[in-house]
Amino acid sequence: MTTALYSHPDCLGHVTPAGHPERVARLEAVAAALAAPAFATLDRRDAPLAERSELLRAHSESYVAAIEATAPSSGGVALDADTHMVPGSLAAALRAVGANVAAVDAVLSGDAHRAFCAIRPPGHHAERSHAMGFCLFNSVAVAAKRALDHHGLTRVAVVDFDVHHGNGTQDILWDEPRVLFASTHQMPLYPGSGAPHETGAHDNIMNVPLPPGAGGVAFRQAMERQILPALEDFQPELLLISAGFDAHADDPLAQLNFTEEDFAWVTTRLCELAERHCGGRVVSTLEGGYDLEALAACVAAHVTALMERDG
């Protein structure tokens with residue numbers, strides 16, 4: 001069984017203003033990296049458009065309706081200083097969510113071993129009723145709720161190693177005892193959440209912030225001493241990854257100093273844990289990463305590790 005890759009050209013239709021870090025070139029760099037011969041065995045699949053009912057697993061009806069109503073037919077709209085919509089944005093965001101829903105379905109049905117969703121816009125800053133941080137809909141939160149409420153799972157883990165805290169995922173899953181959300185991120189940094197005392201309504205949130213300047217050693221220690229043991233105790237039936245690569249030393253938006261080897265290492269460790277507890281079932285989705293060369297190298301390392309047990 002092979003690793004599935006979900007993406008869609010519509011994700012290139014979300015065009016941000018000139019100079020914006022979350023730009024079309026990000027996904028083009030990822031696609032170029034994954035076009036290398038080493039990835040020839042990836043099972044490449046078009047991401048479907050998410051059904052509206054899937055959005056409502058994580059977002060309020062009023063919020064979904066507001067995003068639909070705000071989507072412009074021409075020009076552009078700023079939802080805040082960082083988050084924008086153009087005519088292609090809604091379709092891109094629906095493909096991003098749809099990729100995650102389809103990936104969860106494929107992995108849980110045995111149709112794929114693991115999956116990576118090469119999509120944009122990212123999603124982990126989108127709260128239940130609030131767009132922010134480049135994000136419109138929270139794809140990984142929808143994926144978690146899909147696994148729980150459609151497939152009947154009782155324990156889903158979400159691991160987020162983006163350099164920015166996944167405040168939206170935390171917001172949506174705060175009162176969800178069937179999910180363990182674990183995050184490493186830089187602090188202080190946007191969006192300002194993610195302190196260790198933020199533990200969720202059921203002690204189901206684990207935040208392990210890292211100081212500016214921290215590198216791979218601190219990251220690996222955080223994983224080995226806190227997050228991986230918590231995951232072992234939780235024994236997830238499915239592991240979801242918010243795969244942001246903006247903690248790389250070359251990224252312009254933060255001050256952590258990871259390398260692609262650190263991302264390969266954590267992916268391998270997470271896949272090993274998934275083999276022990278959930279039949280190897282892992283769905284990963286692209287979040288941040290804004291230096292194009294670093295992003296391409298990190299995605300290649302991450303997907304290589306996801307593919308390691310393909311057969």
# chains A, B, ... in the order shown; residues from 1 in each chain; ligands from 1
$ residues_around --residues "region 13-19 of chain A" --least-positions-apart "2" --cutoff "10 Å" --atoms "only C-alpha atoms" --output "PyMOL selection string"
chain A and resi 8-11+21-25+76+78+82-93+120-121+134
$ residues_around --residues "Thr268 (chain A)" --least-positions-apart "2" --cutoff "12 Å" --atoms "only C-alpha atoms" --output "PDB file with N, CA and C atoms, in the first residue's frame"
ATOM      1  N   LEU A 228       5.696  12.904  22.832  1.00  0.00           N
ATOM      2  CA  LEU A 228       5.642  11.486  22.474  1.00  0.00           C
ATOM      3  C   LEU A 228       5.140  10.623  23.633  1.00  0.00           C
ATOM      4  N   GLU A 261      16.425  17.824   8.589  1.00  0.00           N
ATOM      5  CA  GLU A 261      16.658  16.565   9.312  1.00  0.00           C
ATOM      6  C   GLU A 261      15.784  16.481  10.569  1.00  0.00           C
ATOM      7  N   ASP A 262      15.523  17.609  11.207  1.00  0.00           N
ATOM      8  CA  ASP A 262      14.646  17.604  12.376  1.00  0.00           C
ATOM      9  C   ASP A 262      13.222  17.217  11.987  1.00  0.00           C
ATOM     10  N   PHE A 263      12.761  17.728  10.865  1.00  0.00           N
ATOM     11  CA  PHE A 263      11.411  17.385  10.410  1.00  0.00           C
ATOM     12  C   PHE A 263      11.336  15.921   9.981  1.00  0.00           C
ATOM     13  N   ALA A 264      12.382  15.404   9.354  1.00  0.00           N
ATOM     14  CA  ALA A 264      12.415  13.988   9.003  1.00  0.00           C
ATOM     15  C   ALA A 264      12.385  13.132  10.263  1.00  0.00           C
ATOM     16  N   TRP A 265      13.163  13.543  11.269  1.00  0.00           N
ATOM     17  CA  TRP A 265      13.223  12.799  12.526  1.00  0.00           C
ATOM     18  C   TRP A 265      11.855  12.724  13.198  1.00  0.00           C
ATOM     19  N   VAL A 266      11.183  13.876  13.338  1.00  0.00           N
ATOM     20  CA  VAL A 266       9.908  13.861  14.044  1.00  0.00           C
ATOM     21  C   VAL A 266       8.865  13.078  13.260  1.00  0.00           C
ATOM     22  N   LEU A 270       6.839   9.910  14.768  1.00  0.00           N
ATOM     23  CA  LEU A 270       5.380   9.887  14.793  1.00  0.00           C
ATOM     24  C   LEU A 270       4.833   8.687  14.024  1.00  0.00           C
ATOM     25  N   CYS A 271       5.464   8.358  12.910  1.00  0.00           N
ATOM     26  CA  CYS A 271       5.021   7.190  12.143  1.00  0.00           C
ATOM     27  C   CYS A 271       5.273   5.895  12.912  1.00  0.00           C
ATOM     28  N   GLU A 272       6.380   5.823  13.620  1.00  0.00           N
ATOM     29  CA  GLU A 272       6.655   4.652  14.460  1.00  0.00           C
ATOM     30  C   GLU A 272       5.582   4.507  15.541  1.00  0.00           C
ATOM     31  N   LEU A 273       5.218   5.620  16.159  1.00  0.00           N
ATOM     32  CA  LEU A 273       4.170   5.584  17.173  1.00  0.00           C
ATOM     33  C   LEU A 273       2.843   5.143  16.561  1.00  0.00           C
ATOM     34  N   ALA A 274       2.550   5.657  15.358  1.00  0.00           N
ATOM     35  CA  ALA A 274       1.311   5.268  14.686  1.00  0.00           C
ATOM     36  C   ALA A 274       1.307   3.775  14.367  1.00  0.00           C
ATOM     37  N   GLU A 275       2.445   3.217  14.020  1.00  0.00           N
ATOM     38  CA  GLU A 275       2.516   1.776  13.766  1.00  0.00           C
ATOM     39  C   GLU A 275       2.167   0.987  15.022  1.00  0.00           C
ATOM     40  N   GLY A 280      -0.492   2.376  11.760  1.00  0.00           N
ATOM     41  CA  GLY A 280       0.300   3.248  10.889  1.00  0.00           C
ATOM     42  C   GLY A 280      -0.489   4.363  10.242  1.00  0.00           C
ATOM     43  N   VAL A 282      -1.731   7.694   9.344  1.00  0.00           N
ATOM     44  CA  VAL A 282      -1.290   9.085   9.518  1.00  0.00           C
ATOM     45  C   VAL A 282      -1.803   9.917   8.361  1.00  0.00           C
ATOM     46  N   ALA A 301      11.673  15.920   2.823  1.00  0.00           N
ATOM     47  CA  ALA A 301      12.117  15.087   3.941  1.00  0.00           C
ATOM     48  C   ALA A 301      10.922  14.483   4.677  1.00  0.00           C
ATOM     49  N   HIS A 302       9.890  15.272   4.864  1.00  0.00           N
ATOM     50  CA  HIS A 302       8.687  14.824   5.568  1.00  0.00           C
ATOM     51  C   HIS A 302       7.986  13.705   4.801  1.00  0.00           C
ATOM     52  N   VAL A 303       7.774  13.912   3.520  1.00  0.00           N
ATOM     53  CA  VAL A 303       7.058  12.917   2.720  1.00  0.00           C
ATOM     54  C   VAL A 303       7.900  11.654   2.547  1.00  0.00           C
ATOM     55  N   THR A 304       9.201  11.803   2.432  1.00  0.00           N
ATOM     56  CA  THR A 304      10.083  10.637   2.381  1.00  0.00           C
ATOM     57  C   THR A 304       9.891   9.770   3.619  1.00  0.00           C
ATOM     58  N   ALA A 305       9.805  10.412   4.781  1.00  0.00           N
ATOM     59  CA  ALA A 305       9.594   9.662   6.025  1.00  0.00           C
ATOM     60  C   ALA A 305       8.205   9.031   6.062  1.00  0.00           C
ATOM     61  N   LEU A 306       7.197   9.720   5.557  1.00  0.00           N
ATOM     62  CA  LEU A 306       5.863   9.135   5.491  1.00  0.00           C
ATOM     63  C   LEU A 306       5.835   7.902   4.604  1.00  0.00           C
ATOM     64  N   MET A 307       6.625   7.909   3.529  1.00  0.00           N
ATOM     65  CA  MET A 307       6.651   6.813   2.568  1.00  0.00           C
ATOM     66  C   MET A 307       7.510   5.634   3.003  1.00  0.00           C
ATOM     67  N   GLU A 308       8.186   5.750   4.120  1.00  0.00           N
ATOM     68  CA  GLU A 308       9.225   4.787   4.466  1.00  0.00           C
ATOM     69  C   GLU A 308       8.734   3.360   4.523  1.00  0.00           C
ATOM     70  N   ARG A 309       7.500   3.148   4.960  1.00  0.00           N
ATOM     71  CA  ARG A 309       6.983   1.793   5.104  1.00  0.00           C
ATOM     72  C   ARG A 309       6.054   1.400   3.958  1.00  0.00           C
TER      73      ARG A 309
END
$ select_by_dssp --residues "region 37-259 of chain A" --states "strand (DSSP E or B)" --output "count of residues only"
45
$ residues_around --residues "Arg45 (chain A)" --least-positions-apart "3" --cutoff "7 Å" --atoms "only C-alpha atoms" --output "list in words"
Ala4, Leu5, Tyr6 and Ser7 of chain A
$ select_by_dssp --residues "region 20-176 of chain A" --states "alpha helix (DSSP H)" --output "PyMOL selection string"
chain A and resi 24-33+52-55+61-70+89-109+139-149+167-173
